[in-house]
Amino acid sequence: MNMLKDSCPECRATLVDDIQNGETICSGCGVVVADQIADNGPESLNSSMEDKMKLARATGHTTYSQHDLGITTEISISTKDYSGNTINNQVVRQMNNLRKWQQRVRVSTSRERRLSNVFTKMNEACNHLHLPKNVQETAAMIYRNLEGHVEVKGKSVVSITAATIYMACKQCDVVKSMEEICKQMCEQKEIKSKTKLAGKYYRSIVMEMGQTTAPIVTMDKYISKISNMTQTDVRVERLALEIAQKTKDSSIADGKAPNGIAAAYLYVASVLLGQNMLQRDISSVAGVTEVTIRNRCKDILTKYKLKIALRPSLAKQ
DNA sequence: ATGGTTTTTACTGCGTC
DNA sequence: GACGCGGTAAAAACCAT
């Protein structure tokens with residue numbers, strides 16, 4: 001993955017990391033080269049303890065996303081000593097016992113078990129969502145900071161975890177909806193309720209942690225996100241951003257779903273440039289219906305007296 | 001609970017290819 | 001005739017009170 005970071009295989013322009021979406025994007029042609037910014041940590045997602053041991057490496061830094069900050073010493077499983085000489089069987093047995101007990105002691109208290117559980121879920125969710133490492137670390141740090149401020153016992157682990165990831169995304173300028181996060185964490189039938197609950201927890205965390213203002217995701221982030229997901233022509237994206245910028249002080253966004261408005265900006269921009277993206281495609285990616293896009297388009301066009309024919313065939317005349 | 005607002009659903013007709 | 005679009009009414013969802 002790292003070798004892709006320097007220049008685009010398509011046009012050889014410089015690549016930039018888009019931390020919003022955890023992607024690496026070409027500054028020239030806008031193509032998404034790598035959908036996950038390289039993570040050089042231990043590659044031990046679902047492996048056994050034994051594999052973890054083999055792959056373990058001293059990284060020289062601590063991590064918030066492990067319950068013990070990732071600083072424990074682990075007893076090697078090798079049957080050779082430091083100098084390469086074979087260890088006799090009795091010592092090997094002793095070391096196996098030691099290792100077993102170390103594991104038991106390591107996550108001994110209920111708090112540690114809880115942290116371990118939460119961070120495992122967090123890790124899985126962040127991997128599935130292709131979130132960069134900094135988001136995961138931020139989420140873990142937020143969760144740690146909850147202790148003493150917000151009571152987590154008795155609350156849904158999934159929803160609390162989702163809420164912290166959501167907050168971490170906002171802090172790291174990554175656009176991810178609560179629903180997207182919850183989709184990766186629970187069964188189909190639970191998504192709705194858990195998402196709702198996570199939203200509730202998120203608000204209470206914001207209140208309790210003394211943050212008067214939650215970070216605000218701006219319109220341009222929504223637009224960039226949707227256009228990245230639809231492989232939109234960069235010119236369309238730029239125009240959409242431009243229109244959004246010019247109309248941002250108006251009241252068309254009040255009380256409306258931001259992704260619907262972002263979708264409408266993109267649609268209007270695509271029509272203006274003769275790109276004719278389909279309402280259906282944009283709406284499915286943006287998570288709104290075509291009707292919503294049409295209504296937001298109407299708002300934008302009437303408000304700004306932009307006289308363009310939305311029907312592409314008419315626009316040519 | 002309620003009432004106001006927004007979004008979705010489901011359906012319609014129109015023009016174009 | 002299929003497709004994409006624009007419109008509408010009613011239902012559903014959401015939110016503050």
# chains A, B, ... in the order shown; residues from 1 in each chain; ligands from 1
>>> residues_around(residues="segment 281-290 of chain A", least_positions_apart="4", cutoff="7 Å", atoms="only C-alpha atoms (C1' of nucleotides)", output="mmCIF file with C-alpha atoms, in the first residue's frame")
data_model
loop_
_atom_site.group_PDB
_atom_site.id
_atom_site.type_symbol
_atom_site.label_atom_id
_atom_site.label_comp_id
_atom_site.auth_asym_id
_atom_site.auth_seq_id
_atom_site.Cartn_x
_atom_site.Cartn_y
_atom_site.Cartn_z
ATOM 1 C CA ILE A 226 -20.998 11.729 -1.955
ATOM 2 C CA MET A 229 -18.671 7.538 -3.625
ATOM 3 C CA ASN A 259 -27.067 14.788 2.741
ATOM 4 C CA GLY A 260 -30.205 15.605 0.751
ATOM 5 C CA ALA A 263 -27.000 15.478 -3.192
ATOM 6 C CA ARG A 294 -35.943 17.176 -6.508
#
>>> interface_residues(of="chain B", to="chain A", cutoff="8 Å", atoms="only C-alpha atoms (C1' of nucleotides)", output="list in words")
DT6, DT7, DT8 and DT16 of chain B
>>> closest_residue(among="A:Glu137, A:Asp68, A:Asp81, A:Glu124", to="Met167 of chain A", atoms="only C-alpha atoms")
A:Glu137
>>> residues_around(residues="DA16 of chain C", least_positions_apart="5", cutoff="12 Å", atoms="only C-alpha atoms (C1' of nucleotides)", output="MDAnalysis selection string")
chainID B and resid 2:5
>>> interface_residues(of="chain C", to="chain A", cutoff="9 Å", atoms="only C-alpha atoms (C1' of nucleotides)", output="list of chain:residue names")
C:DG4, C:DC5, C:DG6
>>> atom_distance(atom1="atom CA of Lys246 of chain A", atom2="atom CA of Tyr166 of chain A")
28.9 Å
